[in-house]
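Next comes model10.pdb, with PDB, C-alpha atoms.
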```
ATOM      1  CA  MET A 607     163.810 -66.236 -77.758
ATOM      2  CA  LYS A 608     163.488 -68.999 -80.324
ATOM      3  CA  MET A 609     161.290 -68.026 -83.273
ATOM      4  CA  LYS A 610     158.632 -70.565 -84.124
ATOM      5  CA  LEU A 611     158.404 -71.287 -87.842
ATOM      6  CA  ASN A 612     155.129 -72.046 -89.547
ATOM      7  CA  GLU A 613     154.579 -74.927 -91.930
ATOM      8  CA  LYS A 614     154.900 -72.748 -95.028
ATOM      9  CA  ASP A 615     158.280 -71.365 -93.960
ATOM     10  CA  ILE A 616     159.590 -74.854 -93.163
ATOM     11  CA  ARG A 617     158.490 -76.240 -96.516
ATOM     12  CA  LYS A 618     160.137 -73.371 -98.402
ATOM     13  CA  LYS A 619     163.412 -73.805 -96.556
ATOM     14  CA  ILE A 620     163.423 -77.577 -96.991
ATOM     15  CA  LYS A 621     162.856 -77.209-100.732
ATOM     16  CA  LYS A 622     166.020 -75.100-100.876
ATOM     17  CA  GLY A 623     167.922 -77.728 -98.885
ATOM     18  CA  GLU A 624     167.932 -75.600 -95.747
ATOM     19  CA  ARG A 625     166.802 -76.173 -92.170
ATOM     20  CA  HIS A 626     166.150 -73.653 -89.442
ATOM     21  CA  ASP A 627     168.907 -75.108 -87.233
ATOM     22  CA  GLY A 628     171.506 -75.141 -90.026
ATOM     23  CA  ARG A 629     171.733 -78.914 -90.483
ATOM     24  CA  ASP A 630     171.852 -80.735 -93.800
ATOM     25  CA  LEU A 631     168.635 -82.536 -94.736
ATOM     26  CA  GLU A 632     170.061 -85.926 -93.760
ATOM     27  CA  GLU A 633     172.029 -84.762 -90.720
ATOM     28  CA  TYR A 634     171.051 -85.912 -87.232
ATOM     29  CA  ARG A 635     171.310 -83.837 -84.112
ATOM     30  CA  ASP A 636     173.734 -84.991 -81.409
ATOM     31  CA  ILE A 637     172.841 -88.470 -80.137
ATOM     32  CA  GLU A 638     173.568 -89.644 -76.593
ATOM     33  CA  ILE A 639     172.870 -93.136 -75.254
ATOM     34  CA  GLU A 640     173.152 -93.994 -71.569
ATOM     35  CA  ALA A 641     172.563 -97.678 -70.890
ATOM     36  CA  ASP A 642     171.563 -99.098 -67.495
ATOM     37  CA  TYR A 643     169.969 -95.747 -66.672
ATOM     38  CA  ILE A 644     167.532 -97.117 -64.057
ATOM     39  CA  LYS A 645     169.760 -99.275 -61.903
ATOM     40  CA  LYS A 646     167.569-100.601 -59.100
ATOM     41  CA  THR A 647     164.009-101.042 -60.348
ATOM     42  CA  ALA A 648     164.430-102.059 -64.006
ATOM     43  CA  ASP A 649     165.874-105.283 -65.403
ATOM     44  CA  GLY A 650     167.248-103.291 -68.335
ATOM     45  CA  SER A 651     167.068 -99.626 -69.234
ATOM     46  CA  ALA A 652     168.481 -96.775 -71.294
ATOM     47  CA  LEU A 653     168.167 -93.042 -71.762
ATOM     48  CA  VAL A 654     168.477 -91.676 -75.307
ATOM     49  CA  ARG A 655     168.783 -88.037 -76.292
ATOM     50  CA  ILE A 656     168.521 -86.869 -79.885
ATOM     51  CA  GLY A 657     168.832 -83.117 -79.681
ATOM     52  CA  ASP A 658     166.149 -82.005 -77.236
ATOM     53  CA  THR A 659     164.142 -85.210 -77.635
ATOM     54  CA  GLN A 660     164.570 -87.495 -74.623
ATOM     55  CA  VAL A 661     163.269 -91.027 -74.159
ATOM     56  CA  VAL A 662     163.768 -93.542 -71.353
ATOM     57  CA  ALA A 663     163.194 -97.230 -72.034
ATOM     58  CA  GLY A 664     162.701 -99.451 -69.022
ATOM     59  CA  ILE A 665     162.312-103.225 -69.151
ATOM     60  CA  SER A 666     160.551-105.167 -66.441
ATOM     61  CA  THR A 667     159.815-108.894 -66.259
ATOM     62  CA  GLU A 668     156.932-110.922 -64.943
ATOM     63  CA  VAL A 669     156.140-114.630 -64.876
ATOM     64  CA  GLU A 670     152.945-115.566 -66.712
ATOM     65  CA  SER A 671     151.278-118.525 -68.381
ATOM     66  CA  PRO A 672     152.220-118.996 -72.059
ATOM     67  CA  TYR A 673     149.739-118.870 -74.904
ATOM     68  CA  PRO A 674     148.197-122.325 -75.542
ATOM     69  CA  ASP A 675     149.511-122.414 -79.123
ATOM     70  CA  ARG A 676     153.041-121.452 -77.990
ATOM     71  CA  PRO A 677     153.576-123.360 -74.741
ATOM     72  CA  GLU A 678     157.354-122.882 -74.717
ATOM     73  CA  SER A 679     157.483-119.223 -75.769
ATOM     74  CA  GLY A 680     157.646-116.134 -73.626
ATOM     75  CA  THR A 681     156.156-112.793 -74.620
ATOM     76  CA  ILE A 682     157.207-109.234 -75.410
ATOM     77  CA  VAL A 683     154.879-106.311 -74.697
ATOM     78  CA  THR A 684     155.828-102.782 -75.780
ATOM     79  CA  ASN A 685     154.100 -99.677 -74.423
ATOM     80  CA  ALA A 686     154.712 -95.966 -74.901
ATOM     81  CA  GLU A 687     153.653 -93.294 -72.434
ATOM     82  CA  LEU A 688     153.135 -89.808 -73.838
ATOM     83  CA  ALA A 689     152.966 -87.722 -70.692
ATOM     84  CA  PRO A 690     151.766 -84.089 -70.744
ATOM     85  CA  MET A 691     155.135 -82.966 -69.372
ATOM     86  CA  ALA A 692     156.768 -84.070 -72.641
ATOM     87  CA  ASP A 693     154.557 -82.132 -75.045
ATOM     88  CA  ARG A 694     151.676 -79.686 -74.659
ATOM     89  CA  GLU A 695     149.693 -81.747 -77.181
ATOM     90  CA  TYR A 696     149.708 -84.813 -74.951
ATOM     91  CA  GLU A 697     146.889 -85.502 -72.522
ATOM     92  CA  SER A 698     146.568 -87.555 -69.372
ATOM     93  CA  GLY A 699     144.386 -90.632 -69.424
ATOM     94  CA  PRO A 700     144.043 -93.679 -71.689
ATOM     95  CA  PRO A 701     146.728 -94.481 -74.292
ATOM     96  CA  GLN A 702     146.734 -91.980 -77.139
ATOM     97  CA  GLU A 703     146.759 -92.917 -80.812
ATOM     98  CA  ASP A 704     150.277 -91.523 -81.315
ATOM     99  CA  GLY A 705     151.551 -93.555 -78.381
ATOM    100  CA  VAL A 706     149.941 -96.760 -79.647
ATOM    101  CA  GLU A 707     151.526 -96.258 -83.070
ATOM    102  CA  LEU A 708     154.923 -95.448 -81.578
ATOM    103  CA  ALA A 709     154.867 -98.623 -79.483
ATOM    104  CA  ARG A 710     153.732-100.673 -82.489
ATOM    105  CA  VAL A 711     156.552 -99.429 -84.736
ATOM    106  CA  VAL A 712     159.241-100.027 -82.100
ATOM    107  CA  ASP A 713     157.810-103.445 -81.281
ATOM    108  CA  ARG A 714     157.706-104.445 -84.960
ATOM    109  CA  GLY A 715     161.425-103.885 -85.461
ATOM    110  CA  ILE A 716     162.218-106.135 -82.487
ATOM    111  CA  ARG A 717     159.577-108.784 -83.143
ATOM    112  CA  GLU A 718     159.930-109.137 -86.920
ATOM    113  CA  SER A 719     163.700-109.461 -86.682
ATOM    114  CA  GLU A 720     163.282-112.226 -84.079
ATOM    115  CA  ALA A 721     165.895-110.426 -82.024
ATOM    116  CA  ILE A 722     164.831-112.431 -78.984
ATOM    117  CA  ASP A 723     164.376-116.188 -79.088
ATOM    118  CA  LEU A 724     161.121-116.343 -77.160
ATOM    119  CA  GLU A 725     161.804-119.956 -76.165
ATOM    120  CA  ASP A 726     164.737-118.656 -74.104
ATOM    121  CA  LEU A 727     162.091-117.023 -71.894
ATOM    122  CA  CYS A 728     160.513-120.366 -70.985
ATOM    123  CA  ILE A 729     160.700-121.502 -67.350
ATOM    124  CA  GLU A 730     158.367-124.502 -67.506
ATOM    125  CA  PRO A 731     156.744-125.479 -70.835
ATOM    126  CA  GLY A 732     153.020-124.914 -70.827
ATOM    127  CA  GLU A 733     153.131-123.466 -67.319
ATOM    128  CA  LYS A 734     155.458-120.536 -66.760
ATOM    129  CA  VAL A 735     157.317-118.142 -69.047
ATOM    130  CA  TYR A 736     158.877-114.716 -68.733
ATOM    131  CA  THR A 737     157.066-111.730 -70.205
ATOM    132  CA  LEU A 738     159.241-108.737 -71.055
ATOM    133  CA  PHE A 739     157.544-105.367 -70.757
ATOM    134  CA  ILE A 740     159.331-102.676 -72.757
ATOM    135  CA  ASP A 741     158.030 -99.362 -71.456
ATOM    136  CA  LEU A 742     158.924 -96.205 -73.361
ATOM    137  CA  HIS A 743     158.653 -92.988 -71.375
ATOM    138  CA  ILE A 744     158.847 -89.783 -73.397
ATOM    139  CA  LEU A 745     160.517 -87.126 -71.258
ATOM    140  CA  ASN A 746     160.601 -84.437 -73.932
ATOM    141  CA  ASN A 747     159.321 -84.460 -77.494
ATOM    142  CA  ASP A 748     161.148 -82.357 -80.034
ATOM    143  CA  GLY A 749     160.568 -84.716 -82.960
ATOM    144  CA  ASN A 750     161.860 -88.060 -84.229
ATOM    145  CA  LEU A 751     160.440 -90.079 -81.367
ATOM    146  CA  ILE A 752     160.532 -93.304 -83.382
ATOM    147  CA  ASP A 753     164.296 -93.352 -83.829
ATOM    148  CA  ALA A 754     164.948 -92.214 -80.256
ATOM    149  CA  SER A 755     162.551 -94.797 -78.826
ATOM    150  CA  SER A 756     163.914 -97.611 -80.980
ATOM    151  CA  LEU A 757     167.475 -96.819 -79.913
ATOM    152  CA  ALA A 758     166.414 -96.695 -76.266
ATOM    153  CA  ALA A 759     164.597-100.039 -76.549
ATOM    154  CA  MET A 760     167.600-101.743 -78.154
ATOM    155  CA  ALA A 761     170.061-100.309 -75.636
ATOM    156  CA  ALA A 762     167.800-101.490 -72.828
ATOM    157  CA  LEU A 763     167.458-104.976 -74.350
ATOM    158  CA  LYS A 764     171.230-105.259 -74.719
ATOM    159  CA  SER A 765     171.573-104.579 -70.995
ATOM    160  CA  VAL A 766     168.764-106.854 -69.722
ATOM    161  CA  THR A 767     169.384-109.463 -67.065
ATOM    162  CA  LEU A 768     166.495-111.777 -66.202
ATOM    163  CA  PRO A 769     165.835-112.185 -62.479
ATOM    164  CA  ALA A 770     165.878-115.710 -61.105
ATOM    165  CA  TYR A 771     162.628-117.613 -60.574
ATOM    166  CA  ASP A 772     162.207-119.085 -57.089
ATOM    167  CA  GLU A 773     160.343-122.350 -57.613
ATOM    168  CA  GLU A 774     159.557-122.819 -53.937
ATOM    169  CA  GLU A 775     158.079-119.347 -53.508
ATOM    170  CA  GLU A 776     156.728-119.350 -57.098
ATOM    171  CA  THR A 777     157.882-115.795 -57.585
ATOM    172  CA  LEU A 778     160.773-113.841 -59.043
ATOM    173  CA  ASP A 779     163.800-113.244 -56.845
ATOM    174  CA  ARG A 780     164.693-109.765 -58.047
ATOM    175  CA  ASP A 781     167.838-109.702 -55.927
ATOM    176  CA  LYS A 782     169.258-112.677 -57.817
ATOM    177  CA  ASP A 783     170.100-112.696 -61.520
ATOM    178  CA  TRP A 784     169.361-115.710 -63.713
ATOM    179  CA  LYS A 785     170.918-114.884 -67.076
ATOM    180  CA  ASP A 786     171.444-112.187 -69.671
ATOM    181  CA  ILE A 787     169.282-112.240 -72.769
ATOM    182  CA  GLU A 788     171.136-113.406 -75.853
ATOM    183  CA  LEU A 789     169.988-111.330 -78.819
ATOM    184  CA  SER A 790     169.939-113.417 -81.996
ATOM    185  CA  THR A 791     170.010-110.265 -84.111
ATOM    186  CA  GLU A 792     170.215-106.545 -83.401
ATOM    187  CA  PRO A 793     167.780-104.436 -85.434
ATOM    188  CA  VAL A 794     168.498-100.721 -85.604
ATOM    189  CA  THR A 795     165.962 -98.231 -86.898
ATOM    190  CA  ALA A 796     166.071 -94.981 -88.856
ATOM    191  CA  THR A 797     163.251 -92.899 -90.301
ATOM    192  CA  ALA A 798     163.186 -90.951 -93.572
ATOM    193  CA  ARG A 799     160.495 -88.285 -93.787
ATOM    194  CA  MET A 800     159.272 -86.528 -96.918
ATOM    195  CA  ILE A 801     158.722 -82.767 -96.758
ATOM    196  CA  ASN A 802     157.854 -80.866 -99.926
ATOM    197  CA  GLY A 803     159.418 -83.526-102.132
ATOM    198  CA  GLU A 804     162.670 -83.804-100.156
ATOM    199  CA  LEU A 805     163.905 -86.604 -97.883
ATOM    200  CA  VAL A 806     164.614 -85.291 -94.394
ATOM    201  CA  PHE A 807     166.111 -87.154 -91.429
ATOM    202  CA  ASP A 808     165.809 -86.482 -87.710
ATOM    203  CA  THR A 809     162.969 -83.987 -87.983
ATOM    204  CA  THR A 810     162.271 -81.592 -85.126
ATOM    205  CA  GLY A 811     158.782 -81.168 -83.714
ATOM    206  CA  GLU A 812     158.229 -78.094 -85.885
ATOM    207  CA  GLU A 813     159.415 -79.869 -89.027
ATOM    208  CA  GLU A 814     157.056 -82.765 -88.410
ATOM    209  CA  GLN A 815     154.123 -80.376 -88.681
ATOM    210  CA  ALA A 816     155.107 -79.995 -92.349
ATOM    211  CA  MET A 817     155.667 -83.719 -92.994
ATOM    212  CA  ASP A 818     154.006 -85.367 -96.002
ATOM    213  CA  ALA A 819     155.133 -88.977 -95.505
ATOM    214  CA  ARG A 820     157.266 -91.167 -93.284
ATOM    215  CA  LEU A 821     159.225 -94.360 -93.924
ATOM    216  CA  THR A 822     160.705 -96.197 -90.941
ATOM    217  CA  VAL A 823     163.135 -99.029 -91.649
ATOM    218  CA  SER A 824     164.798-101.499 -89.264
ATOM    219  CA  ILE A 825     168.021-103.161 -90.407
ATOM    220  CA  ASP A 826     170.002-105.931 -88.729
ATOM    221  CA  GLN A 827     173.761-106.195 -88.292
ATOM    222  CA  ASN A 828     174.059-108.008 -91.641
ATOM    223  CA  GLY A 829     172.435-105.141 -93.530
ATOM    224  CA  GLN A 830     169.168-107.005 -94.022
ATOM    225  CA  VAL A 831     165.857-105.145 -93.808
ATOM    226  CA  VAL A 832     163.779-106.781 -91.078
ATOM    227  CA  ALA A 833     160.851-104.358 -90.812
ATOM    228  CA  MET A 834     159.343-101.360 -92.604
ATOM    229  CA  GLN A 835     156.532 -98.995 -91.679
ATOM    230  CA  LYS A 836     154.965 -96.371 -93.939
ATOM    231  CA  GLY A 837     153.248 -93.418 -92.284
ATOM    232  CA  GLU A 838     151.106 -90.485 -93.407
ATOM    233  CA  GLU A 839     149.085 -90.225 -96.618
ATOM    234  CA  GLU A 840     151.494 -89.109 -99.353
ATOM    235  CA  PRO A 841     153.169 -91.875-101.414
ATOM    236  CA  TYR A 842     156.856 -92.563-101.919
ATOM    237  CA  SER A 843     158.113 -93.076-105.464
ATOM    238  CA  THR A 844     160.367 -96.027-106.240
ATOM    239  CA  LEU A 845     163.326 -93.665-106.562
ATOM    240  CA  ASP A 846     162.489 -92.073-103.202
ATOM    241  CA  ILE A 847     162.443 -95.494-101.536
ATOM    242  CA  VAL A 848     165.769 -96.501-103.096
ATOM    243  CA  GLU A 849     167.376 -93.248-101.941
ATOM    244  CA  ALA A 850     165.828 -93.541 -98.484
ATOM    245  CA  MET A 851     167.070 -97.126 -98.072
ATOM    246  CA  GLU A 852     170.636 -96.193 -98.995
ATOM    247  CA  LYS A 853     170.698 -93.407 -96.440
ATOM    248  CA  VAL A 854     168.951 -95.493 -93.781
ATOM    249  CA  LYS A 855     171.669 -98.142 -94.086
ATOM    250  CA  GLU A 856     174.312 -95.474 -93.509
ATOM    251  CA  LYS A 857     172.488 -94.055 -90.500
ATOM    252  CA  THR A 858     171.784 -97.413 -88.842
ATOM    253  CA  SER A 859     175.439 -98.372 -89.218
ATOM    254  CA  GLU A 860     176.378 -95.217 -87.312
ATOM    255  CA  PHE A 861     173.726 -95.902 -84.657
ATOM    256  CA  ARG A 862     175.029 -99.439 -84.185
ATOM    257  CA  GLU A 863     178.458 -98.083 -83.295
ATOM    258  CA  LEU A 864     176.876 -95.773 -80.717
ATOM    259  CA  LEU A 865     174.932 -98.695 -79.226
ATOM    260  CA  ASP A 866     178.026-100.851 -78.968
ATOM    261  CA  GLU A 867     179.912 -98.043 -77.224
ATOM    262  CA  ALA A 868     177.040 -97.474 -74.777
ATOM    263  CA  VAL A 869     176.545-101.156 -73.947
ATOM    264  CA  GLU A 870     179.909-102.813 -73.490
TER
END
```

Would you write the structure of this file as structure tokens?
Amino acid sequence: MKMKLNEKDIRKKIKKGERHDGRDLEEYRDIEIEADYIKKTADGSALVRIGDTQVVAGISTEVESPYPDRPESGTIVTNAELAPMADREYESGPPQEDGVELARVVDRGIRESEAIDLEDLCIEPGEKVYTLFIDLHILNNDGNLIDASSLAAMAALKSVTLPAYDEEEETLDRDKDWKDIELSTEPVTATARMINGELVFDTTGEEEQAMDARLTVSIDQNGQVVAMQKGEEEPYSTLDIVEAMEKVKEKTSEFRELLDEAVE
């Protein structure tokens, strides 16, 4: 039976450079990416496992009217569902604060990088555009949901095919493909967490109970930072940020290779 560590024990071990599962402080658990996971009902999808954390990203499309100030631009909407089956702390009902934040962080990496040219989603200027719904379903939460969800969203986006729009019927023909989405850039995300003065990557659920701060960074294929998100109350020093950024660049480079292998 797995022994559950309390916050004090975790903080003491982390300070000594140790973790309860034997990993180094910056070492990730095994990562698996399965693209095109939902084959019939999603326009793009992926399953990502990081250790025992499992996330499915599914992308669906609808035709809607564009915003008046952006008549030739489609829309991206990101949602995260934290179902009770994934974690005993989750509850059924309206969106929870953690889910809203998770969706916001994942969405920011995609949106701020301009990974998708929203004008490519236009069917008829001022009248009809595609809206992409990126739905994140947490199957099991054992920590580091941000990185798992971001990887799942990117793998799903890389596998998206837009269904054709039937002008006569004024509806989507989901049995007929129109085109793949051309990503103008590919942001990949990694999160550095601070526990008892030490930078820790890929935290488990138990380790996150001892977390003091969180820094999530999205980096494109050219090594440029496209989005950052600070979480929790404790500050990061300048030196901490510099160290975190160096390690994040290493991690996102590794993730990019995994994405390319999963989505060929």

Name every residue that the PyMOL selection byres ((chain A and resi 786-790) around 7) selects in this structure, writing the answer as a PDB file with C-alpha atoms, in the frame of the given file with chains first and numbers rising.
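What landed in out.pdb:
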```
ATOM      1  CA  ALA A 721     165.895-110.426 -82.024  1.00  0.00           C
ATOM      2  CA  ILE A 722     164.831-112.431 -78.984  1.00  0.00           C
ATOM      3  CA  ASP A 723     164.376-116.188 -79.088  1.00  0.00           C
ATOM      4  CA  VAL A 766     168.764-106.854 -69.722  1.00  0.00           C
ATOM      5  CA  THR A 767     169.384-109.463 -67.065  1.00  0.00           C
ATOM      6  CA  LEU A 768     166.495-111.777 -66.202  1.00  0.00           C
ATOM      7  CA  LYS A 785     170.918-114.884 -67.076  1.00  0.00           C
ATOM      8  CA  THR A 791     170.010-110.265 -84.111  1.00  0.00           C
ATOM      9  CA  GLU A 792     170.215-106.545 -83.401  1.00  0.00           C
TER      10      GLU A 792
END
```

- Message: What's the separation between CA of Ala761 in chain A and CA of Glu860 in chain A, in Å to one decimal place?
- Response: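 Separating CA of Ala761 in chain A from CA of Glu860 in chain A is a distance of 14.2 Å.
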
- Can you give me, as a PyMOL selection string, the residues this file yields under the PyMOL selection byres ((chain A and resi 822-833) around 9)? chain A and resi 711+714-720+752-753+791-799+820-821+834-837+851+854-855+858-859+862

- What does the distance from CA of Thr684 in chain A to CA of Ala758 in chain A come to in Å, to one decimal?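 Computing the Euclidean distance for CA of Thr684 in chain A and CA of Ala758 in chain A yields 12.2 Å.
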
- Query: For the point (155.0, -87.9, -93.4) in file coordinates, what residues are within 8 Å, counting all atoms listed in the file? Give the answer as a ChimeraX atom specification?
  - Reply: /A:799-801,814,816-821,837-840

- Please evaluate the PyMOL selection byres ((chain A and resi 802-813) around 9) against the structure above and give the resulting residues as a ChimeraX atom specification. /A:610-613,616-618,620-621,623,625,630-635,656-659,747-750,753,796-801,814-818,846,849-850

Residues of the last selection are to be written out with C-alpha atoms, as a JSON list (two decimals), in the coordinates of the input.
```json
[["chain", "number", "residue", "atom", "x", "y", "z"],
["A", 610, "LYS", "CA", 158.63, -70.56, -84.12],
["A", 611, "LEU", "CA", 158.40, -71.29, -87.84],
["A", 612, "ASN", "CA", 155.13, -72.05, -89.55],
["A", 613, "GLU", "CA", 154.58, -74.93, -91.93],
["A", 616, "ILE", "CA", 159.59, -74.85, -93.16],
["A", 617, "ARG", "CA", 158.49, -76.24, -96.52],
["A", 618, "LYS", "CA", 160.14, -73.37, -98.40],
["A", 620, "ILE", "CA", 163.42, -77.58, -96.99],
["A", 621, "LYS", "CA", 162.86, -77.21, -100.73],
["A", 623, "GLY", "CA", 167.92, -77.73, -98.88],
["A", 625, "ARG", "CA", 166.80, -76.17, -92.17],
["A", 630, "ASP", "CA", 171.85, -80.74, -93.80],
["A", 631, "LEU", "CA", 168.64, -82.54, -94.74],
["A", 632, "GLU", "CA", 170.06, -85.93, -93.76],
["A", 633, "GLU", "CA", 172.03, -84.76, -90.72],
["A", 634, "TYR", "CA", 171.05, -85.91, -87.23],
["A", 635, "ARG", "CA", 171.31, -83.84, -84.11],
["A", 656, "ILE", "CA", 168.52, -86.87, -79.89],
["A", 657, "GLY", "CA", 168.83, -83.12, -79.68],
["A", 658, "ASP", "CA", 166.15, -82.00, -77.24],
["A", 659, "THR", "CA", 164.14, -85.21, -77.64],
["A", 747, "ASN", "CA", 159.32, -84.46, -77.49],
["A", 748, "ASP", "CA", 161.15, -82.36, -80.03],
["A", 749, "GLY", "CA", 160.57, -84.72, -82.96],
["A", 750, "ASN", "CA", 161.86, -88.06, -84.23],
["A", 753, "ASP", "CA", 164.30, -93.35, -83.83],
["A", 796, "ALA", "CA", 166.07, -94.98, -88.86],
["A", 797, "THR", "CA", 163.25, -92.90, -90.30],
["A", 798, "ALA", "CA", 163.19, -90.95, -93.57],
["A", 799, "ARG", "CA", 160.50, -88.28, -93.79],
["A", 800, "MET", "CA", 159.27, -86.53, -96.92],
["A", 801, "ILE", "CA", 158.72, -82.77, -96.76],
["A", 814, "GLU", "CA", 157.06, -82.76, -88.41],
["A", 815, "GLN", "CA", 154.12, -80.38, -88.68],
["A", 816, "ALA", "CA", 155.11, -80.00, -92.35],
["A", 817, "MET", "CA", 155.67, -83.72, -92.99],
["A", 818, "ASP", "CA", 154.01, -85.37, -96.00],
["A", 846, "ASP", "CA", 162.49, -92.07, -103.20],
["A", 849, "GLU", "CA", 167.38, -93.25, -101.94],
["A", 850, "ALA", "CA", 165.83, -93.54, -98.48]]
```

- Query: Neighbours of Ile729 in chain A within 12 Å (all atoms listed in the file; same-chain residues fewer than 4 positions away dropped), as a ChimeraX atom specification?
  - Reply: /A:668-672,677-680,724-725,733-737,768-773,776-778,784

Once you have the residues from the selection above, write them out as a tab-separated table (two decimals), in the frame of the given file, restricted to C-alpha atoms.
```
chain	number	residue	atom	x	y	z
A	668	GLU	CA	156.93	-110.92	-64.94
A	669	VAL	CA	156.14	-114.63	-64.88
A	670	GLU	CA	152.94	-115.57	-66.71
A	671	SER	CA	151.28	-118.52	-68.38
A	672	PRO	CA	152.22	-119.00	-72.06
A	677	PRO	CA	153.58	-123.36	-74.74
A	678	GLU	CA	157.35	-122.88	-74.72
A	679	SER	CA	157.48	-119.22	-75.77
A	680	GLY	CA	157.65	-116.13	-73.63
A	724	LEU	CA	161.12	-116.34	-77.16
A	725	GLU	CA	161.80	-119.96	-76.17
A	733	GLU	CA	153.13	-123.47	-67.32
A	734	LYS	CA	155.46	-120.54	-66.76
A	735	VAL	CA	157.32	-118.14	-69.05
A	736	TYR	CA	158.88	-114.72	-68.73
A	737	THR	CA	157.07	-111.73	-70.20
A	768	LEU	CA	166.50	-111.78	-66.20
A	769	PRO	CA	165.84	-112.18	-62.48
A	770	ALA	CA	165.88	-115.71	-61.10
A	771	TYR	CA	162.63	-117.61	-60.57
A	772	ASP	CA	162.21	-119.08	-57.09
A	773	GLU	CA	160.34	-122.35	-57.61
A	776	GLU	CA	156.73	-119.35	-57.10
A	777	THR	CA	157.88	-115.80	-57.58
A	778	LEU	CA	160.77	-113.84	-59.04
A	784	TRP	CA	169.36	-115.71	-63.71
```

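CA of Leu864 in chain A to CA of Glu640 in chain A spans 10.0 Å [interatomic distance, one decimal].
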
- Query: Which one is closest to Val683 in chain A: A:Lys614, A:Arg710, A:Lys853, A:Lys646? Count all atoms listed in the file.
  - Reply: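 Closest to Val683 in chain A, using all atoms listed in the file: A:Arg710.
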